[in-house]
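**Student:** Okay, so here is upload-v1.pdb, and as you'll see once you scroll down, it has PDB, C-alpha atoms, pLDDT in the B column.
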```pdb
MODEL        1
ATOM      1  CA  MET C   1     258.917   9.460 139.952  1.00 84.00           C
ATOM      2  CA  LEU C   2     260.723  10.947 136.986  1.00 92.00           C
ATOM      3  CA  GLU C   3     259.275  14.178 135.633  1.00 94.00           C
ATOM      4  CA  ILE C   4     258.235  14.626 132.003  1.00 96.00           C
ATOM      5  CA  GLY C   5     260.867  16.820 130.340  1.00 96.00           C
ATOM      6  CA  SER C   6     263.594  15.953 132.857  1.00 95.00           C
ATOM      7  CA  LEU C   7     266.982  14.557 131.806  1.00 94.00           C
ATOM      8  CA  VAL C   8     268.284  11.222 133.098  1.00 93.00           C
ATOM      9  CA  ASP C   9     272.057  10.897 133.220  1.00 92.00           C
ATOM     10  CA  GLY C  10     272.321  14.143 131.260  1.00 92.00           C
ATOM     11  CA  LYS C  11     271.232  12.501 128.003  1.00 93.00           C
ATOM     12  CA  TYR C  12     267.841  10.745 128.173  1.00 95.00           C
ATOM     13  CA  LYS C  13     264.957  13.257 128.022  1.00 96.00           C
ATOM     14  CA  ILE C  14     261.756  11.832 129.536  1.00 97.00           C
ATOM     15  CA  LEU C  15     258.892  12.240 127.034  1.00 97.00           C
ATOM     16  CA  ASN C  16     255.989  10.385 128.689  1.00 97.00           C
ATOM     17  CA  LYS C  17     254.979   7.453 130.873  1.00 96.00           C
ATOM     18  CA  VAL C  18     254.255   4.297 128.851  1.00 93.00           C
ATOM     19  CA  GLY C  19     253.673   1.644 131.519  1.00 86.00           C
ATOM     20  CA  GLN C  20     253.674   0.720 135.148  1.00 85.00           C
ATOM     21  CA  GLY C  21     254.324  -2.525 136.997  1.00 76.00           C
ATOM     22  CA  GLY C  22     254.280  -3.580 140.621  1.00 75.00           C
ATOM     23  CA  MET C  23     257.441  -1.690 141.596  1.00 79.00           C
ATOM     24  CA  SER C  24     258.459   0.121 138.435  1.00 86.00           C
ATOM     25  CA  VAL C  25     257.386   2.824 136.013  1.00 91.00           C
ATOM     26  CA  VAL C  26     258.467   2.738 132.369  1.00 93.00           C
ATOM     27  CA  TYR C  27     258.930   5.943 130.405  1.00 96.00           C
ATOM     28  CA  LEU C  28     259.631   6.753 126.784  1.00 97.00           C
ATOM     29  CA  ALA C  29     262.793   8.846 126.537  1.00 97.00           C
ATOM     30  CA  MET C  30     264.752  10.450 123.728  1.00 97.00           C
ATOM     31  CA  ASN C  31     268.502  10.668 123.434  1.00 94.00           C
ATOM     32  CA  GLU C  32     268.497  13.851 121.364  1.00 86.00           C
ATOM     33  CA  LYS C  33     272.188  13.632 120.416  1.00 89.00           C
ATOM     34  CA  ALA C  34     271.676  10.148 118.951  1.00 91.00           C
ATOM     35  CA  ASN C  35     268.101  10.947 117.804  1.00 92.00           C
ATOM     36  CA  LYS C  36     266.924   7.618 119.238  1.00 95.00           C
ATOM     37  CA  GLN C  37     264.118   6.638 121.578  1.00 96.00           C
ATOM     38  CA  TRP C  38     264.674   4.399 124.600  1.00 97.00           C
ATOM     39  CA  ALA C  39     262.592   2.881 127.364  1.00 95.00           C
ATOM     40  CA  VAL C  40     263.581   4.047 130.846  1.00 96.00           C
ATOM     41  CA  LYS C  41     262.496   1.697 133.644  1.00 93.00           C
ATOM     42  CA  GLU C  42     262.600   3.355 137.057  1.00 93.00           C
ATOM     43  CA  VAL C  43     262.368   1.494 140.358  1.00 89.00           C
ATOM     44  CA  ARG C  44     262.102   3.901 143.284  1.00 85.00           C
ATOM     45  CA  LYS C  45     263.960   3.014 146.468  1.00 82.00           C
ATOM     46  CA  ASP C  46     261.503   4.747 148.817  1.00 79.00           C
ATOM     47  CA  GLY C  47     258.446   2.743 149.718  1.00 68.00           C
ATOM     48  CA  VAL C  48     260.117  -0.583 148.896  1.00 69.00           C
ATOM     49  CA  LYS C  49     260.429  -2.711 152.036  1.00 74.00           C
ATOM     50  CA  ASP C  50     263.758  -4.424 151.387  1.00 78.00           C
ATOM     51  CA  PHE C  51     265.240  -2.565 148.439  1.00 80.00           C
ATOM     52  CA  GLU C  52     268.516  -4.537 148.518  1.00 79.00           C
ATOM     53  CA  VAL C  53     266.592  -7.747 147.723  1.00 81.00           C
ATOM     54  CA  VAL C  54     264.701  -5.951 144.927  1.00 80.00           C
ATOM     55  CA  LYS C  55     267.974  -4.513 143.619  1.00 82.00           C
ATOM     56  CA  GLN C  56     269.564  -7.991 143.521  1.00 82.00           C
ATOM     57  CA  GLY C  57     266.673  -9.144 141.309  1.00 81.00           C
ATOM     58  CA  LEU C  58     267.059  -6.115 139.021  1.00 85.00           C
ATOM     59  CA  VAL C  59     270.805  -6.649 138.733  1.00 86.00           C
ATOM     60  CA  ALA C  60     270.212 -10.343 137.917  1.00 84.00           C
ATOM     61  CA  GLU C  61     267.634  -9.352 135.256  1.00 86.00           C
ATOM     62  CA  THR C  62     269.940  -6.802 133.628  1.00 91.00           C
ATOM     63  CA  ASP C  63     272.965  -9.117 133.817  1.00 90.00           C
ATOM     64  CA  ILE C  64     271.017 -11.821 131.946  1.00 91.00           C
ATOM     65  CA  LEU C  65     269.731  -9.436 129.266  1.00 92.00           C
ATOM     66  CA  LYS C  66     273.145  -7.798 128.752  1.00 92.00           C
ATOM     67  CA  LYS C  67     274.587 -11.167 127.667  1.00 92.00           C
ATOM     68  CA  LEU C  68     271.877 -11.833 125.067  1.00 95.00           C
ATOM     69  CA  ASN C  69     271.563 -10.807 121.432  1.00 95.00           C
ATOM     70  CA  HIS C  70     268.410 -11.919 119.614  1.00 97.00           C
ATOM     71  CA  PRO C  71     265.979 -10.024 117.347  1.00 96.00           C
ATOM     72  CA  ASN C  72     263.024 -10.950 119.607  1.00 97.00           C
ATOM     73  CA  LEU C  73     264.649  -9.636 122.808  1.00 97.00           C
ATOM     74  CA  PRO C  74     265.218  -6.081 124.045  1.00 94.00           C
ATOM     75  CA  SER C  75     268.781  -4.879 124.677  1.00 94.00           C
ATOM     76  CA  ILE C  76     269.951  -3.230 127.886  1.00 93.00           C
ATOM     77  CA  ILE C  77     271.817  -0.016 127.119  1.00 92.00           C
ATOM     78  CA  ASP C  78     272.649   1.365 130.556  1.00 92.00           C
ATOM     79  CA  VAL C  79     272.032   0.838 134.276  1.00 93.00           C
ATOM     80  CA  ILE C  80     272.012   3.875 136.555  1.00 93.00           C
ATOM     81  CA  ASP C  81     271.959   3.526 140.349  1.00 90.00           C
ATOM     82  CA  THR C  82     271.036   6.885 141.944  1.00 87.00           C
ATOM     83  CA  ASP C  83     270.392   7.810 145.566  1.00 85.00           C
ATOM     84  CA  ASP C  84     266.614   7.418 145.202  1.00 86.00           C
ATOM     85  CA  SER C  85     266.066   5.027 142.291  1.00 89.00           C
ATOM     86  CA  PHE C  86     267.470   2.230 140.137  1.00 91.00           C
ATOM     87  CA  ILE C  87     267.111   3.032 136.422  1.00 94.00           C
ATOM     88  CA  ILE C  88     267.456   0.696 133.452  1.00 94.00           C
ATOM     89  CA  ILE C  89     267.798   2.118 129.929  1.00 95.00           C
ATOM     90  CA  MET C  90     266.705  -0.380 127.273  1.00 95.00           C
ATOM     91  CA  ASP C  91     265.311  -0.708 123.771  1.00 95.00           C
ATOM     92  CA  TYR C  92     261.918   0.932 123.366  1.00 95.00           C
ATOM     93  CA  ILE C  93     259.568  -1.668 121.899  1.00 95.00           C
ATOM     94  CA  GLN C  94     256.909   0.046 119.824  1.00 93.00           C
ATOM     95  CA  GLY C  95     253.524  -1.679 119.765  1.00 94.00           C
ATOM     96  CA  ASN C  96     251.122  -3.287 122.223  1.00 93.00           C
ATOM     97  CA  SER C  97     251.182  -6.371 124.381  1.00 94.00           C
ATOM     98  CA  LEU C  98     249.489  -9.515 123.120  1.00 96.00           C
ATOM     99  CA  ASN C  99     247.272  -9.211 126.191  1.00 95.00           C
ATOM    100  CA  LYS C 100     246.021  -5.794 125.075  1.00 95.00           C
ATOM    101  CA  ALA C 101     245.453  -7.018 121.501  1.00 95.00           C
ATOM    102  CA  LEU C 102     243.383  -9.947 122.750  1.00 96.00           C
ATOM    103  CA  ASP C 103     241.338  -7.672 125.018  1.00 97.00           C
ATOM    104  CA  GLU C 104     240.675  -5.181 122.204  1.00 97.00           C
ATOM    105  CA  TYR C 105     240.272  -7.447 119.187  1.00 96.00           C
ATOM    106  CA  GLY C 106     239.640 -10.971 120.524  1.00 97.00           C
ATOM    107  CA  ALA C 107     240.987 -14.074 118.811  1.00 95.00           C
ATOM    108  CA  GLN C 108     243.633 -13.401 116.183  1.00 95.00           C
ATOM    109  CA  PRO C 109     243.982 -14.971 112.707  1.00 96.00           C
ATOM    110  CA  GLN C 110     245.538 -18.438 112.799  1.00 97.00           C
ATOM    111  CA  GLU C 111     248.359 -17.554 110.367  1.00 97.00           C
ATOM    112  CA  GLN C 112     249.401 -14.617 112.539  1.00 96.00           C
ATOM    113  CA  VAL C 113     249.302 -16.671 115.739  1.00 97.00           C
ATOM    114  CA  ILE C 114     251.439 -19.397 114.131  1.00 98.00           C
ATOM    115  CA  GLY C 115     253.983 -16.748 113.067  1.00 97.00           C
ATOM    116  CA  TRP C 116     254.149 -15.366 116.609  1.00 98.00           C
ATOM    117  CA  ALA C 117     254.441 -18.877 118.064  1.00 98.00           C
ATOM    118  CA  LYS C 118     257.371 -19.663 115.741  1.00 98.00           C
ATOM    119  CA  GLN C 119     259.153 -16.476 116.854  1.00 98.00           C
ATOM    120  CA  LEU C 120     258.530 -17.291 120.530  1.00 98.00           C
ATOM    121  CA  CYS C 121     259.795 -20.857 120.030  1.00 98.00           C
ATOM    122  CA  ASP C 122     262.886 -19.442 118.319  1.00 98.00           C
ATOM    123  CA  VAL C 123     263.660 -17.017 121.145  1.00 98.00           C
ATOM    124  CA  LEU C 124     262.989 -19.647 123.846  1.00 98.00           C
ATOM    125  CA  GLY C 125     265.242 -22.081 121.958  1.00 98.00           C
ATOM    126  CA  TYR C 126     267.915 -19.381 121.899  1.00 98.00           C
ATOM    127  CA  LEU C 127     267.562 -18.804 125.666  1.00 97.00           C
ATOM    128  CA  HIS C 128     267.696 -22.523 126.419  1.00 97.00           C
ATOM    129  CA  SER C 129     270.804 -22.992 124.241  1.00 97.00           C
ATOM    130  CA  ARG C 130     272.895 -20.492 126.253  1.00 96.00           C
ATOM    131  CA  THR C 131     275.520 -21.810 128.676  1.00 93.00           C
ATOM    132  CA  PRO C 132     274.129 -21.892 131.270  1.00 93.00           C
ATOM    133  CA  ALA C 133     270.610 -22.068 129.855  1.00 95.00           C
ATOM    134  CA  ILE C 134     268.272 -19.145 130.607  1.00 96.00           C
ATOM    135  CA  ILE C 135     264.890 -20.220 131.979  1.00 95.00           C
ATOM    136  CA  TYR C 136     262.348 -17.478 131.230  1.00 96.00           C
ATOM    137  CA  ARG C 137     259.592 -18.458 133.790  1.00 92.00           C
ATOM    138  CA  ASP C 138     257.007 -15.745 133.018  1.00 93.00           C
ATOM    139  CA  MET C 139     255.394 -16.555 129.671  1.00 96.00           C
ATOM    140  CA  LYS C 140     252.062 -14.759 129.413  1.00 96.00           C
ATOM    141  CA  PRO C 141     250.354 -12.499 126.850  1.00 96.00           C
ATOM    142  CA  ALA C 142     251.262  -9.348 128.826  1.00 93.00           C
ATOM    143  CA  ASN C 143     254.978 -10.125 128.313  1.00 94.00           C
ATOM    144  CA  VAL C 144     254.789 -10.514 124.528  1.00 97.00           C
ATOM    145  CA  MET C 145     254.953  -7.229 122.631  1.00 96.00           C
ATOM    146  CA  LEU C 146     253.438  -7.120 119.142  1.00 97.00           C
ATOM    147  CA  LYS C 147     255.407  -4.711 116.999  1.00 97.00           C
ATOM    148  CA  PRO C 148     253.950  -2.830 114.006  1.00 96.00           C
ATOM    149  CA  ASP C 149     256.126  -4.887 111.624  1.00 96.00           C
ATOM    150  CA  GLY C 150     254.377  -8.114 112.707  1.00 93.00           C
ATOM    151  CA  ASN C 151     257.236  -9.382 114.860  1.00 97.00           C
ATOM    152  CA  VAL C 152     257.144 -10.056 118.598  1.00 98.00           C
ATOM    153  CA  THR C 153     259.495  -9.160 121.436  1.00 97.00           C
ATOM    154  CA  LEU C 154     259.642 -11.057 124.718  1.00 97.00           C
ATOM    155  CA  ILE C 155     259.850  -8.627 127.649  1.00 92.00           C
ATOM    156  CA  ASP C 156     260.118  -8.695 131.466  1.00 87.00           C
ATOM    157  CA  PHE C 157     262.983 -10.888 132.559  1.00 88.00           C
ATOM    158  CA  GLY C 158     262.360 -10.189 136.260  1.00 81.00           C
ATOM    159  CA  THR C 159     261.844 -13.872 137.103  1.00 85.00           C
ATOM    160  CA  ALA C 160     264.250 -15.358 134.516  1.00 88.00           C
ATOM    161  CA  ARG C 161     267.096 -17.412 135.938  1.00 89.00           C
ATOM    162  CA  GLU C 162     270.190 -19.183 134.767  1.00 89.00           C
ATOM    163  CA  PHE C 163     269.779 -22.970 134.973  1.00 91.00           C
ATOM    164  CA  LYS C 164     271.743 -24.544 137.804  1.00 87.00           C
ATOM    165  CA  GLU C 165     272.207 -28.292 137.722  1.00 80.00           C
ATOM    166  CA  ARG C 166     271.531 -29.921 141.079  1.00 76.00           C
ATOM    167  CA  ASN C 167     272.629 -33.298 142.272  1.00 60.00           C
ATOM    168  CA  LEU C 168     269.354 -35.154 142.794  1.00 56.00           C
ATOM    169  CA  ALA C 169     270.895 -38.418 144.098  1.00 57.00           C
TER
ENDMDL
END
```
As structure tokens, what does this structure read like?
**Tutor:**
Amino acid sequence: MLEIGSLVDGKYKILNKVGQGGMSVVYLAMNEKANKQWAVKEVRKDGVKDFEVVKQGLVAETDILKKLNHPNLPSIIDVIDTDDSFIIIMDYIQGNSLNKALDEYGAQPQEQVIGWAKQLCDVLGYLHSRTPAIIYRDMKPANVMLKPDGNVTLIDFGTAREFKERNLA
């Protein structure tokens, strides 16, 4: 686990832990030279049964995101493969997940929900229009971040895949 106050790659200072998934921990970090905050996703190699399989999934996820440019998607900035962990530096998305908002506040106003749905349709349309098409595969409230400006960002591309046409004859 990364330590609060430590430096990653000599430039990303870990400020605090902001989330945790099945195999990863996400931290808020500051690049003090650029005066910009980033999310640092760390996947530890110890304790993971077959890390090479996990790493292949992480590399696939980052390779997909690196090719994309859309206002409702995070950008990958850097990938760092150390002896004990695999680290992804990406846009820090300020706000809360739709899941958390629903838990805290219940049903949301119709106008707001329609606005979010339009943004999600736009980003899914963008993904599906790539060549090859990107199939997201993990749409759920926990993977939709609500930003303070009212916009949404689709996160967690761990199960996303490029569409492969198969001969079904």
**Student:** Find the spatial neighbours of segment 36-47 of chain C, counting all atoms listed in the file, within a cut-off of 8 Å - ignore same-chain residues fewer than 6 positions away - and output them as an mmCIF file with C-alpha atoms, keeping the file's coordinate frame.
**Tutor:**
```cif
data_model
loop_
_atom_site.group_PDB
_atom_site.id
_atom_site.type_symbol
_atom_site.label_atom_id
_atom_site.label_comp_id
_atom_site.auth_asym_id
_atom_site.auth_seq_id
_atom_site.Cartn_x
_atom_site.Cartn_y
_atom_site.Cartn_z
ATOM 1 C CA MET C 1 258.917 9.460 139.952
ATOM 2 C CA LEU C 2 260.723 10.947 136.986
ATOM 3 C CA TYR C 12 267.841 10.745 128.173
ATOM 4 C CA MET C 23 257.441 -1.690 141.596
ATOM 5 C CA SER C 24 258.459 0.121 138.435
ATOM 6 C CA VAL C 25 257.386 2.824 136.013
ATOM 7 C CA VAL C 26 258.467 2.738 132.369
ATOM 8 C CA TYR C 27 258.930 5.943 130.405
ATOM 9 C CA LEU C 28 259.631 6.753 126.784
ATOM 10 C CA ALA C 29 262.793 8.846 126.537
ATOM 11 C CA MET C 30 264.752 10.450 123.728
ATOM 12 C CA ASP C 84 266.614 7.418 145.202
ATOM 13 C CA SER C 85 266.066 5.027 142.291
ATOM 14 C CA PHE C 86 267.470 2.230 140.137
ATOM 15 C CA ILE C 87 267.111 3.032 136.422
ATOM 16 C CA ILE C 88 267.456 0.696 133.452
ATOM 17 C CA ILE C 89 267.798 2.118 129.929
ATOM 18 C CA MET C 90 266.705 -0.380 127.273
ATOM 19 C CA ASP C 91 265.311 -0.708 123.771
ATOM 20 C CA TYR C 92 261.918 0.932 123.366
ATOM 21 C CA ILE C 93 259.568 -1.668 121.899
#
```
**Student:** Can you measure atom CA of Leu154 of chain C to atom CA of Leu120 of chain C for me? One decimal in Å is fine.
**Tutor:**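 Interatomic distance here is 7.6 Å.
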**Student:** Between C:Asn151, C:Gln119, C:Phe163, C:Gln20, which one has atoms that come closest to Arg137 of chain C, using all atoms listed in the file?
**Tutor:**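 Looking at the shortest contact to Arg137 of chain C, the residue is C:Phe163.
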**Student:** So which residues get picked by the PyMOL selection byres ((chain C and resi 58) around 12) here, written as an MDAnalysis selection string?
**Tutor:** chainID C and resid 23:24 41:44 51:57 59:65 76 79:81 85:88 156:161
**Student:** Excluding segment 141-149 of chain C and any residue of its chain fewer than 4 positions from it, enumerate the residues within 7 Å of it, using only C-alpha atoms, and give them as a short mmCIF file (atom, residue, chain, number, x, y, z; two decimals) with C-alpha atoms, in the coordinates of the input.
**Tutor:**
```cif
data_model
loop_
_atom_site.label_atom_id
_atom_site.label_comp_id
_atom_site.auth_asym_id
_atom_site.auth_seq_id
_atom_site.Cartn_x
_atom_site.Cartn_y
_atom_site.Cartn_z
CA GLN C 94 256.91 0.05 119.82
CA GLY C 95 253.52 -1.68 119.76
CA ASN C 96 251.12 -3.29 122.22
CA SER C 97 251.18 -6.37 124.38
CA LEU C 98 249.49 -9.52 123.12
CA ASN C 99 247.27 -9.21 126.19
CA THR C 153 259.50 -9.16 121.44
CA LEU C 154 259.64 -11.06 124.72
CA ILE C 155 259.85 -8.63 127.65
CA ASP C 156 260.12 -8.70 131.47
#
```
**Student:** Using only C-alpha atoms, what does the table of segment 15-85 of chain C residues within 8 Å of segment 121-134 of chain C look like, with each row giving the shortest atom pair and its distance in Å to one decimal, sorted by chain and ascending number, as JSON lines?
**Tutor:**
```
{"residue": "C:Ile64", "atom": "CA", "partner": "C:Ile134", "partner_atom": "CA", "distance": 7.9}
{"residue": "C:His70", "atom": "CA", "partner": "C:Val123", "partner_atom": "CA", "distance": 7.1}
{"residue": "C:Asn72", "atom": "CA", "partner": "C:Val123", "partner_atom": "CA", "distance": 6.3}
{"residue": "C:Leu73", "atom": "CA", "partner": "C:Val123", "partner_atom": "CA", "distance": 7.6}
```
**Student:** To one decimal place in Å, what is the distance between atom CA of Gly150 of chain C and atom CA of Gln112 of chain C?
**Tutor:**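 Taking atom CA of Gly150 of chain C as the start and atom CA of Gln112 of chain C as the end point, the length is 8.2 Å.
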**Student:** How many Å separate atom CA of Glu104 of chain C from atom CA of Val18 of chain C?
**Tutor:** 17.8 Å
**Student:** In the coordinate frame of the file, compute which residues have an atom within 8 Å of (260.3, 15.0, 131.4) when using all atoms listed in the file, and state them as a list in words.
**Tutor:** Leu2, Glu3, Ile4, Gly5, Ser6, Leu7, Lys13, Ile14, Leu15 and Asn16 of chain C
**Student:** To test the calculation: enclose all listed atoms of segment 40-45 of chain C in a box whose edges run along x, y and z, add 6 Å on each side, then state centre and edge lengths in Å to one decimal, as AutoDock Vina command-line options.
**Tutor:**
```
--center_x 263.0 --center_y 2.8 --center_z 138.7 --size_x 13.9 --size_y 14.6 --size_z 27.6
```
**Student:** Just checking: using only C-alpha atoms, which residue out of C:Ala107, C:Leu102, C:Val8, C:Ile135 ends up closest to Thr82 of chain C?
**Tutor:**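 Smallest separation from Thr82 of chain C among the options: C:Val8.
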**Student:** Could you please fill out segment 41-52 of chain C with all heavy atoms and send it back as a JSON list (two decimals), in the coordinates of the input?
**Tutor:**
```json
[["chain", "number", "residue", "atom", "x", "y", "z"],
["C", 41, "LYS", "N", 263.22, 2.38, 132.57],
["C", 41, "LYS", "CA", 262.50, 1.70, 133.64],
["C", 41, "LYS", "C", 263.05, 2.19, 134.97],
["C", 41, "LYS", "O", 264.24, 2.04, 135.24],
["C", 41, "LYS", "CB", 262.68, 0.19, 133.51],
["C", 41, "LYS", "CG", 261.97, -0.64, 134.56],
["C", 41, "LYS", "CD", 262.18, -2.12, 134.27],
["C", 41, "LYS", "CE", 261.45, -3.01, 135.24],
["C", 41, "LYS", "NZ", 261.64, -4.44, 134.87],
["C", 42, "GLU", "N", 262.18, 2.80, 135.77],
["C", 42, "GLU", "CA", 262.60, 3.36, 137.06],
["C", 42, "GLU", "C", 261.98, 2.55, 138.19],
["C", 42, "GLU", "O", 260.77, 2.33, 138.23],
["C", 42, "GLU", "CB", 262.15, 4.81, 137.19],
["C", 42, "GLU", "CG", 262.52, 5.42, 138.54],
["C", 42, "GLU", "CD", 261.82, 6.74, 138.83],
["C", 42, "GLU", "OE1", 260.66, 6.90, 138.44],
["C", 42, "GLU", "OE2", 262.45, 7.58, 139.47],
["C", 43, "VAL", "N", 262.84, 2.13, 139.13],
["C", 43, "VAL", "CA", 262.37, 1.49, 140.36],
["C", 43, "VAL", "C", 262.80, 2.40, 141.50],
["C", 43, "VAL", "O", 264.00, 2.58, 141.74],
["C", 43, "VAL", "CB", 262.95, 0.08, 140.53],
["C", 43, "VAL", "CG1", 262.43, -0.55, 141.82],
["C", 43, "VAL", "CG2", 262.60, -0.79, 139.33],
["C", 44, "ARG", "N", 261.82, 2.99, 142.17],
["C", 44, "ARG", "CA", 262.10, 3.90, 143.28],
["C", 44, "ARG", "C", 262.54, 3.12, 144.51],
["C", 44, "ARG", "O", 262.02, 2.05, 144.79],
["C", 44, "ARG", "CB", 260.86, 4.72, 143.63],
["C", 44, "ARG", "CG", 260.28, 5.49, 142.48],
["C", 44, "ARG", "CD", 260.71, 6.90, 142.31],
["C", 44, "ARG", "NE", 260.84, 7.66, 143.52],
["C", 44, "ARG", "CZ", 261.67, 8.69, 143.63],
["C", 44, "ARG", "NH1", 262.41, 9.05, 142.63],
["C", 44, "ARG", "NH2", 261.74, 9.37, 144.75],
["C", 45, "LYS", "N", 263.48, 3.68, 145.26],
["C", 45, "LYS", "CA", 263.96, 3.01, 146.47],
["C", 45, "LYS", "C", 263.04, 3.27, 147.66],
["C", 45, "LYS", "O", 262.90, 2.42, 148.52],
["C", 45, "LYS", "CB", 265.39, 3.47, 146.79],
["C", 45, "LYS", "CG", 266.38, 3.01, 145.74],
["C", 45, "LYS", "CD", 267.79, 3.49, 146.02],
["C", 45, "LYS", "CE", 268.73, 3.02, 144.94],
["C", 45, "LYS", "NZ", 270.10, 3.48, 145.12],
["C", 46, "ASP", "N", 262.39, 4.45, 147.68],
["C", 46, "ASP", "CA", 261.50, 4.75, 148.82],
["C", 46, "ASP", "C", 260.20, 3.96, 148.66],
["C", 46, "ASP", "O", 259.70, 3.76, 147.57],
["C", 46, "ASP", "CB", 261.22, 6.25, 148.92],
["C", 46, "ASP", "CG", 260.66, 6.85, 147.64],
["C", 46, "ASP", "OD1", 260.63, 6.16, 146.61],
["C", 46, "ASP", "OD2", 260.26, 8.03, 147.67],
["C", 47, "GLY", "N", 259.70, 3.48, 149.76],
["C", 47, "GLY", "CA", 258.45, 2.74, 149.72],
["C", 47, "GLY", "C", 258.63, 1.26, 149.41],
["C", 47, "GLY", "O", 257.68, 0.50, 149.44],
["C", 48, "VAL", "N", 259.85, 0.83, 149.13],
["C", 48, "VAL", "CA", 260.12, -0.58, 148.90],
["C", 48, "VAL", "C", 260.71, -1.14, 150.18],
["C", 48, "VAL", "O", 261.73, -0.64, 150.67],
["C", 48, "VAL", "CB", 261.09, -0.78, 147.70],
["C", 48, "VAL", "CG1", 261.41, -2.25, 147.52],
["C", 48, "VAL", "CG2", 260.49, -0.21, 146.43],
["C", 49, "LYS", "N", 260.05, -2.18, 150.72],
["C", 49, "LYS", "CA", 260.43, -2.71, 152.04],
["C", 49, "LYS", "C", 261.91, -3.06, 152.12],
["C", 49, "LYS", "O", 262.64, -2.50, 152.91],
["C", 49, "LYS", "CB", 259.59, -3.94, 152.36],
["C", 49, "LYS", "CG", 258.70, -3.74, 153.54],
["C", 49, "LYS", "CD", 257.95, -4.98, 153.90],
["C", 49, "LYS", "CE", 256.99, -4.61, 155.01],
["C", 49, "LYS", "NZ", 256.05, -5.60, 155.32],
["C", 50, "ASP", "N", 262.36, -4.02, 151.35],
["C", 50, "ASP", "CA", 263.76, -4.42, 151.39],
["C", 50, "ASP", "C", 264.36, -4.18, 150.01],
["C", 50, "ASP", "O", 264.45, -5.07, 149.18],
["C", 50, "ASP", "CB", 263.87, -5.90, 151.79],
["C", 50, "ASP", "CG", 265.29, -6.29, 152.14],
["C", 50, "ASP", "OD1", 266.21, -5.46, 151.94],
["C", 50, "ASP", "OD2", 265.50, -7.42, 152.61],
["C", 51, "PHE", "N", 264.78, -2.93, 149.78],
["C", 51, "PHE", "CA", 265.24, -2.56, 148.44],
["C", 51, "PHE", "C", 266.45, -3.37, 148.00],
["C", 51, "PHE", "O", 266.59, -3.65, 146.81],
["C", 51, "PHE", "CB", 265.53, -1.06, 148.33],
["C", 51, "PHE", "CG", 265.88, -0.68, 146.92],
["C", 51, "PHE", "CD1", 264.89, -0.56, 145.96],
["C", 51, "PHE", "CD2", 267.20, -0.50, 146.53],
["C", 51, "PHE", "CE1", 265.19, -0.25, 144.65],
["C", 51, "PHE", "CE2", 267.52, -0.19, 145.22],
["C", 51, "PHE", "CZ", 266.51, -0.06, 144.28],
["C", 52, "GLU", "N", 267.32, -3.77, 148.91],
["C", 52, "GLU", "CA", 268.52, -4.54, 148.52],
["C", 52, "GLU", "C", 268.13, -5.86, 147.85],
["C", 52, "GLU", "O", 268.75, -6.27, 146.88],
["C", 52, "GLU", "CB", 269.44, -4.78, 149.71],
["C", 52, "GLU", "CG", 270.35, -3.61, 150.02],
["C", 52, "GLU", "CD", 271.13, -3.08, 148.80],
["C", 52, "GLU", "OE1", 271.81, -3.86, 148.12],
["C", 52, "GLU", "OE2", 271.05, -1.86, 148.53]]
```
